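A.B. asks: Hey, dropping data16.csv in here, CSV, C-alpha atoms:
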```
chain,number,residue,atom,x,y,z
A,128,MET,CA,-26.4,50.7,76.1
A,129,ILE,CA,-22.7,50.5,75.1
A,130,TYR,CA,-22.6,54.3,75.5
A,131,PHE,CA,-23.8,54.1,79.1
A,132,ALA,CA,-21.4,51.2,79.8
A,133,ASP,CA,-18.6,53.5,78.7
A,134,VAL,CA,-19.9,56.3,80.9
A,135,ALA,CA,-20.1,53.9,83.9
A,136,ALA,CA,-16.5,52.6,83.3
A,137,LEU,CA,-15.2,56.2,83.1
A,138,THR,CA,-17.1,57.4,86.2
A,139,ARG,CA,-16.0,54.4,88.2
A,140,LYS,CA,-12.4,55.1,87.1
A,141,ASP,CA,-12.7,58.7,88.4
A,142,LEU,CA,-14.1,57.6,91.7
A,143,ARG,CA,-11.4,55.0,92.1
A,144,VAL,CA,-8.6,57.5,91.2
A,145,GLU,CA,-10.0,59.9,93.8
A,146,LEU,CA,-10.3,57.2,96.4
A,147,ARG,CA,-6.6,56.5,96.0
A,148,ALA,CA,-5.3,60.0,95.5
A,149,ARG,CA,-7.6,61.9,97.8
A,150,ASP,CA,-6.8,65.1,96.1
A,151,THR,CA,-10.3,66.6,95.4
A,152,LEU,CA,-12.9,65.6,98.0
A,153,PRO,CA,-11.0,66.4,101.2
A,154,ALA,CA,-10.1,69.8,99.7
A,155,MET,CA,-13.7,70.5,98.8
A,156,LEU,CA,-14.9,69.4,102.3
A,157,LEU,CA,-12.4,71.6,104.1
A,158,PHE,CA,-13.1,74.5,101.9
A,159,VAL,CA,-16.8,74.5,102.2
A,160,LEU,CA,-16.8,73.9,106.0
A,161,SER,CA,-14.2,76.6,106.7
A,162,THR,CA,-16.1,79.0,104.4
A,163,LEU,CA,-19.3,78.4,106.4
A,164,VAL,CA,-17.5,78.9,109.7
A,165,VAL,CA,-16.0,82.2,108.4
A,166,PHE,CA,-19.4,83.4,107.2
A,167,HIS,CA,-20.9,82.4,110.6
A,168,PHE,CA,-18.6,84.9,112.3
A,169,ALA,CA,-18.7,87.5,109.5
A,170,LEU,CA,-22.5,87.9,109.3
A,171,PRO,CA,-23.6,90.6,111.8
A,172,GLU,CA,-26.2,89.4,114.3
A,173,GLY,CA,-29.8,90.1,113.3
A,174,THR,CA,-29.0,89.7,109.6
A,175,GLY,CA,-31.9,87.9,108.0
A,176,ASP,CA,-31.9,84.4,106.6
A,177,ASP,CA,-31.9,85.7,103.0
A,178,ALA,CA,-28.4,86.9,103.3
A,179,ALA,CA,-27.3,83.5,104.7
A,180,TYR,CA,-28.9,81.8,101.7
A,181,GLY,CA,-26.9,84.0,99.4
A,182,LEU,CA,-23.7,83.1,101.3
A,183,LEU,CA,-24.5,79.4,101.0
A,184,TRP,CA,-24.4,79.8,97.2
A,185,VAL,CA,-21.1,81.6,97.4
A,186,ALA,CA,-19.8,78.6,99.3
A,187,ILE,CA,-21.4,76.1,96.9
A,188,VAL,CA,-20.1,77.8,93.7
A,189,PHE,CA,-16.6,78.1,94.9
A,190,THR,CA,-16.5,74.6,96.3
A,191,ALA,CA,-17.6,73.4,92.9
A,192,LEU,CA,-14.9,75.5,91.2
A,193,LEU,CA,-12.3,73.8,93.5
A,194,GLY,CA,-13.5,70.4,92.4
A,195,LEU,CA,-13.6,71.4,88.7
A,196,ALA,CA,-10.1,72.8,88.8
A,197,ARG,CA,-8.8,69.4,89.7
A,198,ALA,CA,-11.2,67.4,87.6
A,199,TRP,CA,-8.9,66.9,84.6
A,200,VAL,CA,-5.6,66.7,86.5
A,201,PRO,CA,-5.5,62.8,86.3
A,202,GLU,CA,-6.0,63.0,82.5
A,203,GLN,CA,-3.2,65.6,82.2
A,204,GLU,CA,-0.7,63.4,83.9
A,205,HIS,CA,0.8,61.0,81.5
A,206,GLY,CA,-1.3,62.4,78.7
A,207,VAL,CA,-4.3,60.1,79.4
A,208,LEU,CA,-6.7,62.4,77.6
A,209,ASP,CA,-5.1,61.5,74.3
A,210,GLY,CA,-5.7,57.8,75.1
A,211,LEU,CA,-9.3,58.4,75.9
A,212,VAL,CA,-9.8,60.5,72.8
A,213,LEU,CA,-8.2,57.8,70.6
A,214,ALA,CA,-10.6,55.1,72.0
A,215,PRO,CA,-13.5,54.3,69.6
A,216,SER,CA,-16.1,55.2,72.2
A,217,ASP,CA,-18.2,58.3,71.7
A,218,ARG,CA,-16.1,61.2,73.0
A,219,SER,CA,-19.0,62.8,74.8
A,220,ALA,CA,-18.9,59.7,77.2
A,221,ILE,CA,-15.6,61.2,78.5
A,222,TRP,CA,-17.4,64.4,79.4
A,223,LEU,CA,-20.5,62.7,80.9
A,224,GLY,CA,-18.3,60.4,83.0
A,225,LYS,CA,-16.3,63.4,84.3
A,226,THR,CA,-19.5,65.3,85.0
A,227,LEU,CA,-21.0,62.5,87.0
A,228,ALA,CA,-17.8,62.0,89.0
A,229,THR,CA,-17.6,65.7,89.8
A,230,LEU,CA,-21.3,65.7,90.7
A,231,ALA,CA,-20.6,62.8,93.1
A,232,PHE,CA,-17.8,64.8,94.8
A,233,LEU,CA,-19.9,68.0,95.1
A,234,VAL,CA,-22.9,66.1,96.5
A,235,ALA,CA,-20.6,64.3,99.0
A,236,ALA,CA,-19.2,67.7,100.1
A,237,GLN,CA,-22.8,69.0,100.5
A,238,VAL,CA,-23.9,66.0,102.6
A,239,VAL,CA,-21.6,67.5,105.2
A,240,ALA,CA,-21.9,71.2,104.3
A,241,LEU,CA,-25.7,71.5,104.2
A,242,PRO,CA,-26.3,70.2,107.8
A,243,ALA,CA,-23.6,72.6,108.9
A,244,PHE,CA,-25.4,75.4,107.2
A,245,VAL,CA,-28.7,74.5,108.9
A,246,LEU,CA,-26.8,74.3,112.2
A,247,PHE,CA,-25.1,77.7,111.8
A,248,PHE,CA,-27.6,79.7,109.8
A,249,ALA,CA,-31.1,78.8,108.6
A,250,PRO,CA,-33.3,75.8,107.8
A,251,LEU,CA,-33.5,74.4,104.2
A,252,ASP,CA,-36.8,73.1,102.9
A,253,ALA,CA,-37.4,70.6,100.2
A,254,THR,CA,-37.6,73.3,97.5
A,255,ALA,CA,-34.2,74.7,98.5
A,256,LEU,CA,-32.7,71.2,98.5
A,257,ALA,CA,-34.1,70.5,95.1
A,258,GLY,CA,-32.6,73.8,94.0
A,259,VAL,CA,-29.2,72.8,95.3
A,260,LEU,CA,-29.3,69.5,93.5
A,261,LEU,CA,-30.5,71.0,90.2
A,262,ALA,CA,-27.8,73.7,90.4
A,263,ASP,CA,-25.2,71.0,91.1
A,264,ILE,CA,-26.1,69.2,87.9
A,265,GLY,CA,-25.9,72.4,85.9
A,266,ILE,CA,-22.6,73.6,87.3
A,267,CYS,CA,-21.0,70.2,86.9
A,268,ALA,CA,-22.2,69.8,83.3
A,269,VAL,CA,-21.0,73.2,82.2
A,270,GLY,CA,-18.0,73.2,84.5
A,271,SER,CA,-16.6,69.9,83.2
A,272,LEU,CA,-16.6,71.3,79.7
A,273,MET,CA,-15.1,74.6,80.7
A,274,ALA,CA,-12.5,72.8,82.9
A,275,ALA,CA,-11.5,70.6,79.9
A,276,MET,CA,-11.0,73.9,77.9
A,277,ALA,CA,-9.1,75.5,80.7
A,278,ALA,CA,-6.9,72.4,81.3
A,279,ALA,CA,-5.2,72.9,77.9
A,280,SER,CA,-4.1,76.4,79.0
A,281,ARG,CA,-1.1,77.2,81.2
A,282,SER,CA,-3.1,79.7,83.2
A,283,ARG,CA,-6.0,77.3,83.9
A,284,GLU,CA,-6.4,78.4,87.5
A,285,VAL,CA,-7.3,81.9,86.3
A,286,LEU,CA,-9.1,80.9,83.2
A,287,LEU,CA,-11.5,78.4,84.8
A,288,PRO,CA,-13.4,80.9,87.1
A,289,LEU,CA,-13.5,83.4,84.2
A,290,LEU,CA,-15.2,80.8,82.1
A,291,VAL,CA,-17.5,79.2,84.7
A,292,LEU,CA,-18.6,82.1,86.9
A,293,PRO,CA,-20.6,84.1,84.2
A,294,LEU,CA,-22.3,80.8,83.2
A,295,ALA,CA,-23.1,80.0,86.8
A,296,ILE,CA,-25.0,83.3,87.4
A,297,PRO,CA,-28.4,81.8,86.3
A,298,LEU,CA,-27.8,78.9,88.6
A,299,ILE,CA,-27.1,81.2,91.6
A,300,VAL,CA,-30.2,83.2,90.8
A,301,GLY,CA,-32.3,80.0,90.5
A,302,GLY,CA,-30.8,78.4,93.7
A,303,VAL,CA,-31.3,81.5,95.9
A,304,GLY,CA,-34.7,82.0,94.4
A,305,ALA,CA,-35.7,78.4,95.2
A,306,ALA,CA,-34.7,79.0,98.8
A,307,ILE,CA,-36.2,82.4,99.5
A,308,SER,CA,-39.1,82.9,97.1
A,309,PRO,CA,-42.7,81.9,97.9
A,310,GLU,CA,-42.8,80.8,94.2
A,311,GLY,CA,-39.8,78.5,94.5
A,312,GLY,CA,-41.2,76.1,91.9
A,313,ARG,CA,-40.7,78.6,89.2
A,314,TYR,CA,-37.0,78.8,90.0
A,315,LEU,CA,-36.7,75.1,90.0
A,316,LEU,CA,-38.2,75.1,86.5
A,317,LEU,CA,-35.5,77.7,85.5
A,318,LEU,CA,-32.8,75.5,86.9
A,319,ALA,CA,-34.2,72.4,85.2
A,320,LEU,CA,-34.3,74.2,81.8
A,321,TYR,CA,-30.8,75.5,82.3
A,322,ASP,CA,-29.6,72.0,83.1
A,323,GLY,CA,-31.3,70.5,80.0
A,324,ALA,CA,-30.1,73.2,77.6
A,325,PHE,CA,-26.5,73.4,78.9
A,326,ALA,CA,-26.1,69.6,79.3
A,327,VAL,CA,-27.0,69.1,75.6
A,328,LEU,CA,-24.7,72.0,74.5
A,329,SER,CA,-21.8,70.6,76.6
A,330,TRP,CA,-22.5,67.0,75.4
A,331,ALA,CA,-22.5,68.1,71.8
A,332,SER,CA,-19.5,70.4,71.9
A,333,PHE,CA,-17.1,68.3,74.0
A,334,GLU,CA,-15.5,66.6,71.0
A,335,TYR,CA,-14.4,69.9,69.5
A,336,VAL,CA,-12.8,70.9,72.9
A,337,VAL,CA,-10.5,67.8,73.1
A,338,THR,CA,-9.3,67.6,69.5
A,339,GLU,CA,-6.8,70.0,67.9
B,48,MET,CA,-2.5,52.2,54.1
B,49,ILE,CA,-1.4,55.8,54.6
B,50,ARG,CA,-1.1,58.4,51.9
B,51,ALA,CA,-0.3,62.0,52.5
B,52,ARG,CA,0.6,64.8,50.1
B,53,ASP,CA,2.1,68.2,51.0
B,54,LEU,CA,1.2,67.8,54.6
B,55,GLU,CA,1.7,70.9,56.7
B,56,LYS,CA,1.0,71.5,60.4
B,57,ARG,CA,1.3,74.9,62.1
B,58,TYR,CA,0.9,76.0,65.7
B,59,GLY,CA,0.1,79.6,65.4
B,60,ARG,CA,2.9,81.1,63.2
B,61,ARG,CA,5.3,78.2,63.9
B,62,ARG,CA,5.4,75.7,61.1
B,63,VAL,CA,6.2,72.2,62.6
B,64,LEU,CA,5.6,70.1,59.5
B,65,ALA,CA,6.0,71.3,55.9
B,66,GLY,CA,5.6,69.5,52.6
B,67,VAL,CA,5.6,66.0,53.9
B,68,ASP,CA,4.7,63.3,51.4
B,69,ILE,CA,4.0,59.8,52.7
B,70,ALA,CA,3.0,56.5,51.1
B,71,VAL,CA,2.9,53.5,53.4
B,72,PRO,CA,1.1,50.4,51.9
B,73,ALA,CA,-1.0,48.1,54.0
B,74,ARG,CA,1.2,45.9,56.2
B,75,GLY,CA,4.2,48.1,55.4
B,76,PHE,CA,6.8,49.1,58.0
B,77,ALA,CA,7.7,52.8,57.8
B,78,VAL,CA,10.4,54.4,59.9
B,79,VAL,CA,10.3,58.2,60.6
B,80,THR,CA,13.6,59.8,61.1
B,81,GLY,CA,14.9,63.3,61.6
B,82,PRO,CA,16.7,65.5,64.2
B,83,ASN,CA,15.1,66.8,67.3
B,84,GLY,CA,12.3,69.2,66.5
B,85,SER,CA,11.9,68.0,63.0
B,86,GLY,CA,8.2,67.1,63.6
B,87,LYS,CA,8.3,63.4,64.2
B,88,THR,CA,6.0,63.5,67.1
B,89,THR,CA,3.7,66.0,65.4
B,90,LEU,CA,3.5,63.7,62.3
B,91,LEU,CA,2.5,60.7,64.4
B,92,ARG,CA,-0.1,62.8,66.2
B,93,VAL,CA,-1.5,63.9,62.9
B,94,LEU,CA,-1.6,60.4,61.6
B,95,ALA,CA,-3.3,59.3,64.8
B,96,GLY,CA,-6.0,62.0,64.4
B,97,LEU,CA,-4.9,63.7,67.6
B,98,ALA,CA,-4.0,66.8,65.6
B,99,ALA,CA,-5.5,68.1,62.3
B,100,PRO,CA,-3.2,69.0,59.5
B,101,THR,CA,-3.2,72.7,58.6
B,102,ARG,CA,-2.8,71.9,54.9
B,103,GLY,CA,-2.4,69.0,52.6
B,104,ILE,CA,-4.1,65.7,51.9
B,105,LEU,CA,-4.1,62.8,54.3
B,106,GLU,CA,-5.7,59.4,53.9
B,107,VAL,CA,-5.4,56.8,56.7
B,108,ASP,CA,-7.2,53.6,56.1
B,109,ALA,CA,-7.9,52.8,59.8
B,110,ASP,CA,-10.5,54.1,62.1
B,111,ARG,CA,-9.9,54.7,65.8
B,112,ALA,CA,-10.8,51.2,66.7
B,113,GLN,CA,-8.0,49.9,64.4
B,114,LEU,CA,-5.3,52.3,65.6
B,115,GLY,CA,-2.7,51.6,68.3
B,116,TYR,CA,-0.6,54.6,69.4
B,117,VAL,CA,2.4,55.0,71.7
B,118,GLY,CA,3.4,58.6,72.2
B,119,HIS,CA,5.9,60.3,74.5
B,120,GLU,CA,3.5,59.9,77.3
B,121,PRO,CA,2.2,56.5,78.3
B,122,LEU,CA,-1.5,57.5,78.4
B,123,VAL,CA,-2.2,55.6,81.6
B,124,TYR,CA,-3.5,56.7,85.0
B,125,ARG,CA,-0.8,56.9,87.6
B,126,GLU,CA,-3.2,56.1,90.4
B,127,LEU,CA,-4.6,52.9,88.8
B,128,THR,CA,-2.8,49.6,88.6
B,129,ALA,CA,-1.7,48.1,85.3
B,130,LEU,CA,-4.7,45.7,85.4
B,131,GLU,CA,-7.1,48.5,86.0
B,132,ASN,CA,-5.7,50.7,83.3
B,133,LEU,CA,-5.8,47.9,80.7
B,134,ASP,CA,-9.3,46.9,81.8
B,135,LEU,CA,-10.6,50.4,81.3
B,136,TYR,CA,-9.0,50.6,77.8
B,137,GLY,CA,-10.2,47.0,77.1
B,138,ARG,CA,-13.8,48.1,77.8
B,139,LEU,CA,-13.6,51.3,75.7
B,140,TYR,CA,-12.1,49.3,72.8
B,141,ARG,CA,-14.6,46.4,73.3
B,142,VAL,CA,-11.8,43.9,73.4
B,143,PRO,CA,-13.3,40.3,73.2
B,144,GLU,CA,-12.1,38.0,76.0
B,145,ARG,CA,-10.6,41.1,77.7
B,146,ARG,CA,-9.2,39.5,80.8
B,147,GLU,CA,-7.4,36.7,78.9
B,148,ARG,CA,-5.9,39.2,76.4
B,149,ILE,CA,-4.8,41.6,79.2
B,150,GLY,CA,-3.2,38.6,81.1
B,151,MET,CA,-1.4,37.5,78.0
B,152,LEU,CA,0.0,40.9,77.2
B,153,LEU,CA,1.2,41.6,80.8
B,154,GLU,CA,2.9,38.2,80.8
B,155,ARG,CA,4.5,38.9,77.4
B,156,PHE,CA,5.9,42.3,78.5
B,157,GLY,CA,7.1,41.0,81.8
B,158,LEU,CA,4.5,43.0,83.9
B,159,TRP,CA,2.4,40.1,85.3
B,160,GLU,CA,4.1,40.2,88.7
B,161,ALA,CA,3.6,43.9,88.9
B,162,ARG,CA,0.0,43.9,87.6
B,163,ASN,CA,-1.6,45.0,90.9
B,164,GLY,CA,0.9,47.8,91.6
B,165,ARG,CA,-0.1,51.4,90.9
B,166,VAL,CA,1.6,52.9,87.9
B,167,SER,CA,2.9,55.7,90.1
B,168,THR,CA,5.2,53.1,91.7
B,169,TYR,CA,6.6,51.9,88.3
B,170,SER,CA,9.9,52.7,86.8
B,171,ARG,CA,9.9,54.6,83.5
B,172,GLY,CA,10.8,51.4,81.7
B,173,MET,CA,7.9,49.5,83.2
B,174,THR,CA,5.5,52.4,82.4
B,175,GLN,CA,6.8,52.2,78.8
B,176,ARG,CA,6.1,48.5,78.7
B,177,LEU,CA,2.6,49.1,80.0
B,178,ALA,CA,2.1,51.8,77.3
B,179,LEU,CA,3.0,49.2,74.7
B,180,CYS,CA,0.5,46.7,76.2
B,181,ARG,CA,-2.1,49.4,76.0
B,182,ALA,CA,-1.4,50.2,72.4
B,183,LEU,CA,-1.5,46.5,71.3
B,184,LEU,CA,-4.4,45.5,73.5
B,185,HIS,CA,-7.1,45.7,70.8
B,186,GLU,CA,-4.9,44.1,68.1
B,187,PRO,CA,-4.8,47.2,66.0
B,188,GLU,CA,-4.3,47.2,62.2
B,189,LEU,CA,-2.3,50.4,62.2
B,190,ILE,CA,0.4,50.9,64.9
B,191,LEU,CA,2.1,54.2,65.4
B,192,LEU,CA,5.1,54.2,67.8
B,193,ASP,CA,6.9,57.3,68.8
B,194,GLU,CA,10.4,56.5,70.1
B,195,PRO,CA,9.1,53.1,71.5
B,196,TYR,CA,12.6,52.1,72.8
B,197,SER,CA,12.9,55.1,75.1
B,198,ALA,CA,13.3,54.2,78.8
B,199,LEU,CA,13.4,50.4,78.0
B,200,ASP,CA,16.2,48.4,79.5
B,201,GLU,CA,18.0,45.6,77.6
B,202,GLU,CA,15.4,43.0,78.3
B,203,GLY,CA,12.6,45.5,77.4
B,204,THR,CA,14.4,46.3,74.2
B,205,ASP,CA,14.7,42.7,73.2
B,206,LEU,CA,11.0,42.2,74.0
B,207,LEU,CA,10.0,45.0,71.8
B,208,ASP,CA,12.3,43.8,69.0
B,209,ARG,CA,10.6,40.4,69.1
B,210,GLU,CA,7.1,42.0,69.2
B,211,LEU,CA,7.9,44.2,66.1
B,212,GLU,CA,9.3,41.2,64.2
B,213,ILE,CA,5.9,39.4,64.9
B,214,LEU,CA,3.9,42.5,63.9
B,215,ALA,CA,6.0,43.4,60.8
B,216,GLY,CA,4.2,42.1,57.7
B,217,ALA,CA,1.0,41.4,59.6
B,218,ARG,CA,0.2,45.0,60.5
B,219,THR,CA,0.9,48.5,59.2
B,220,LEU,CA,3.6,50.1,61.4
B,221,VAL,CA,5.0,53.6,61.5
B,222,VAL,CA,7.8,54.0,64.0
B,223,ALA,CA,9.6,57.3,64.8
B,224,THR,CA,13.1,56.6,66.0
B,225,HIS,CA,16.6,58.0,66.4
B,226,ASP,CA,18.0,54.6,65.7
B,227,PRO,CA,16.7,53.5,62.3
B,228,GLN,CA,19.5,50.9,62.0
B,229,ARG,CA,17.9,48.9,64.7
B,230,LEU,CA,14.8,48.4,62.5
B,231,ALA,CA,16.5,48.3,59.1
B,232,ARG,CA,15.8,44.6,58.6
B,233,LEU,CA,12.0,45.2,59.0
B,234,THR,CA,11.8,48.6,57.3
B,235,THR,CA,9.9,48.8,54.0
B,236,ALA,CA,9.6,52.6,53.8
B,237,ARG,CA,11.4,55.6,55.2
B,238,ILE,CA,10.0,59.0,56.0
B,239,ALA,CA,12.9,61.5,56.6
B,240,LEU,CA,12.0,64.8,58.1
B,241,ALA,CA,14.4,67.7,57.9
```
Would you put the structure from the file into structure tokens?

C.D. replies:
Amino acid sequence: MIYFADVAALTRKDLRVELRARDTLPAMLLFVLSTLVVFHFALPEGTGDDAAYGLLWVAIVFTALLGLARAWVPEQEHGVLDGLVLAPSDRSAIWLGKTLATLAFLVAAQVVALPAFVLFFAPLDATALAGVLLADIGICAVGSLMAAMAAASRSREVLLPLLVLPLAIPLIVGGVGAAISPEGGRYLLLLALYDGAFAVLSWASFEYVVTE
Amino acid sequence: MIRARDLEKRYGRRRVLAGVDIAVPARGFAVVTGPNGSGKTTLLRVLAGLAAPTRGILEVDADRAQLGYVGHEPLVYRELTALENLDLYGRLYRVPERRERIGMLLERFGLWEARNGRVSTYSRGMTQRLALCRALLHEPELILLDEPYSALDEEGTDLLDRELEILAGARTLVVATHDPQRLARLTTARIALA
């Protein structure tokens, strides 16, 4: 219970910092909406829905990357990560708190972006929406760990996509599959397995990422 | 109690600490001195567990819950207020009667009036005072202070002097400073880095 109280305190702190700084969510919203508008005009008329679902995932993945790139910025200012690492709470709580906060920002961006997608391109059924949610969880879990690794580097803007994009490929395959395949449930299972496996790996390895 | 033998820390090929021996008894007051770049900050980070030594033996009789650390950075969120920052750390350190303890520290370090202001609006001196509040919040047994007087004005310096006098003899302290004379009266051990 104490572990989850720590996670809740850390998540609440991230949401509060974002509410004040407004650095991440407005940028994610602007990016995802402008990307969808550009895709709307870029897709030739008569292109099927399948291509549009693919483009939706391009928008989702790069919006998530934008959020992840800023995820650890508040901790880098004033060296706060050292303070959190020194605290006696389980260090994986720092990762879980950051993952949940990043997930909240991504879901908030999608609350606006997905209706815009339906308006511009194609409908989204329950399976496709479940695919989006499961993929969000996966990309935030892995991405928060990778973003913590990249944050220590001077070339973090370059490093983060290099670390995250290869790991996000199964999520893109699963997300697009859930939207277009008649057997969408199998893709949801793939996404759920990915989430479970990579969440455990990220949870277990975070401590080694934040200590020298 | 801290005991270290032949401590070495390297970053890549660069050797930052070499052959450092330390013996600080429980409730001792050690001052770390040395010119810029001699490894004072690195030594305190190693003692805090923020960096692992490359070689040597290190024993620190304090776990994370018993350790208070002030580094070059204040380790507080710029977008949160002093109260919010200390409340977060108070939760993570499971400080009993958190609110009372936070109020008392803010009062003692002259930050009570500014408690609801965001840290981004603080002067460097106020931020340093907040860093000291954060480090002392959970009443640690071992206190590591890296240049704690930096950015403090005369009033802040006097406050810290008084605080260190109270803590000396009751807690184990390791203080890195360019002004060892200031702490000479309290010092029981010296660690001189070349």

A.B. asks: What residues in chain A have any atom no more than 6 Å from chain B when counting all atoms listed in the file, and can you write them as a VMD selection string?

C.D. replies: chain A and resid 144 205 to 207 210 213 215 to 216 339

A.B. asks: Please list as an mmCIF file with C-alpha atoms, in the coordinates of the input every residue within 10 Å of Thr162 in chain A, counting only C-alpha atoms and excluding residues in the same chain fewer than 2 positions away.

C.D. replies:
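The result, stored in around15.cif:
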```cif
data_model
loop_
_atom_site.group_PDB
_atom_site.id
_atom_site.type_symbol
_atom_site.label_atom_id
_atom_site.label_comp_id
_atom_site.auth_asym_id
_atom_site.auth_seq_id
_atom_site.Cartn_x
_atom_site.Cartn_y
_atom_site.Cartn_z
ATOM 1 C CA LEU A 156 -14.900 69.400 102.300
ATOM 2 C CA LEU A 157 -12.400 71.600 104.100
ATOM 3 C CA PHE A 158 -13.100 74.500 101.900
ATOM 4 C CA VAL A 159 -16.800 74.500 102.200
ATOM 5 C CA LEU A 160 -16.800 73.900 106.000
ATOM 6 C CA VAL A 164 -17.500 78.900 109.700
ATOM 7 C CA VAL A 165 -16.000 82.200 108.400
ATOM 8 C CA PHE A 166 -19.400 83.400 107.200
ATOM 9 C CA HIS A 167 -20.900 82.400 110.600
ATOM 10 C CA LEU A 182 -23.700 83.100 101.300
ATOM 11 C CA LEU A 183 -24.500 79.400 101.000
ATOM 12 C CA VAL A 185 -21.100 81.600 97.400
ATOM 13 C CA ALA A 186 -19.800 78.600 99.300
ATOM 14 C CA ILE A 187 -21.400 76.100 96.900
ATOM 15 C CA PHE A 189 -16.600 78.100 94.900
ATOM 16 C CA THR A 190 -16.500 74.600 96.300
ATOM 17 C CA ALA A 240 -21.900 71.200 104.300
#
```

A.B. asks: Fewer than 3 positions away in the same chain doesn't count, so skip those; otherwise give me all residues within 10 Å of Phe131 in chain A, counting only C-alpha atoms, as a VMD selection string.

C.D. replies: chain A and resid 128 134 to 137 220 223 to 224

A.B. asks: Leu184 in chain B: which residues within 8 Å, counting only C-alpha atoms, same-chain residues fewer than 6 positions away excluded, as a ChimeraX atom specification?

C.D. replies: /B:133,137,142,148-149,152

A.B. asks: For each of A:Ser271, A:Thr151, A:Gln203, A:Thr338, take the minimum atom-to-atom distance to Trp222 in chain A, counting all atoms listed in the file, then give the residue where this is smallest.

C.D. replies: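 Among the listed residues, the smallest separation from Trp222 in chain A belongs to A:Ser271.
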
A.B. asks: Which residues are close to Arg232 in chain B, i.e. within 12 Å by all atoms listed in the file, leaving aside same-chain residues fewer than 2 positions away? Reply as a PyMOL selection string.

C.D. replies: chain B and resi 76-78+208+211-212+215-216+227-230+234-236

A.B. asks: Residues near Ser197 in chain B, anyone? I mean within 10 Å using all atoms listed in the file, not counting same-chain ones fewer than 5 positions away, as a list in words.

C.D. replies: His119, Arg171, Gly172, Gln175, Gly203, Thr204, Thr224 and His225 of chain B

A.B. asks: Please measure the separation of CA of Leu191 in chain B and CA of Val221 in chain B, giving the value in Å to one decimal.

C.D. replies: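 Straight-line distance from CA of Leu191 in chain B to CA of Val221 in chain B works out to 4.9 Å.
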
A.B. asks: List the residues sitting within 8 Å of (-2.9, 53.2, 55.6) in the file's frame, using only C-alpha atoms, as a list of chain:residue names.

C.D. replies: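 Returned residue set, sorted by chain then number, is B:Met48, B:Ile49, B:Arg50, B:Val71, B:Pro72, B:Ala73, B:Glu106, B:Val107, B:Asp108, B:Ala109, B:Leu189, B:Thr219.
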
A.B. asks: Which residue gives the smallest distance to Leu294 in chain A among A:Val188, A:Ala277, A:Ala169, A:Ala331, with all atoms listed in the file counted?

C.D. replies: A:Val188

A.B. asks: Compare A:Ile307, A:Ala148, A:Ala268, A:Ala179 by their minimum atom-to-atom distance to Thr229 in chain A, counting only C-alpha atoms, and give me the closest one.

C.D. replies: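 Closest candidate: A:Ala268.
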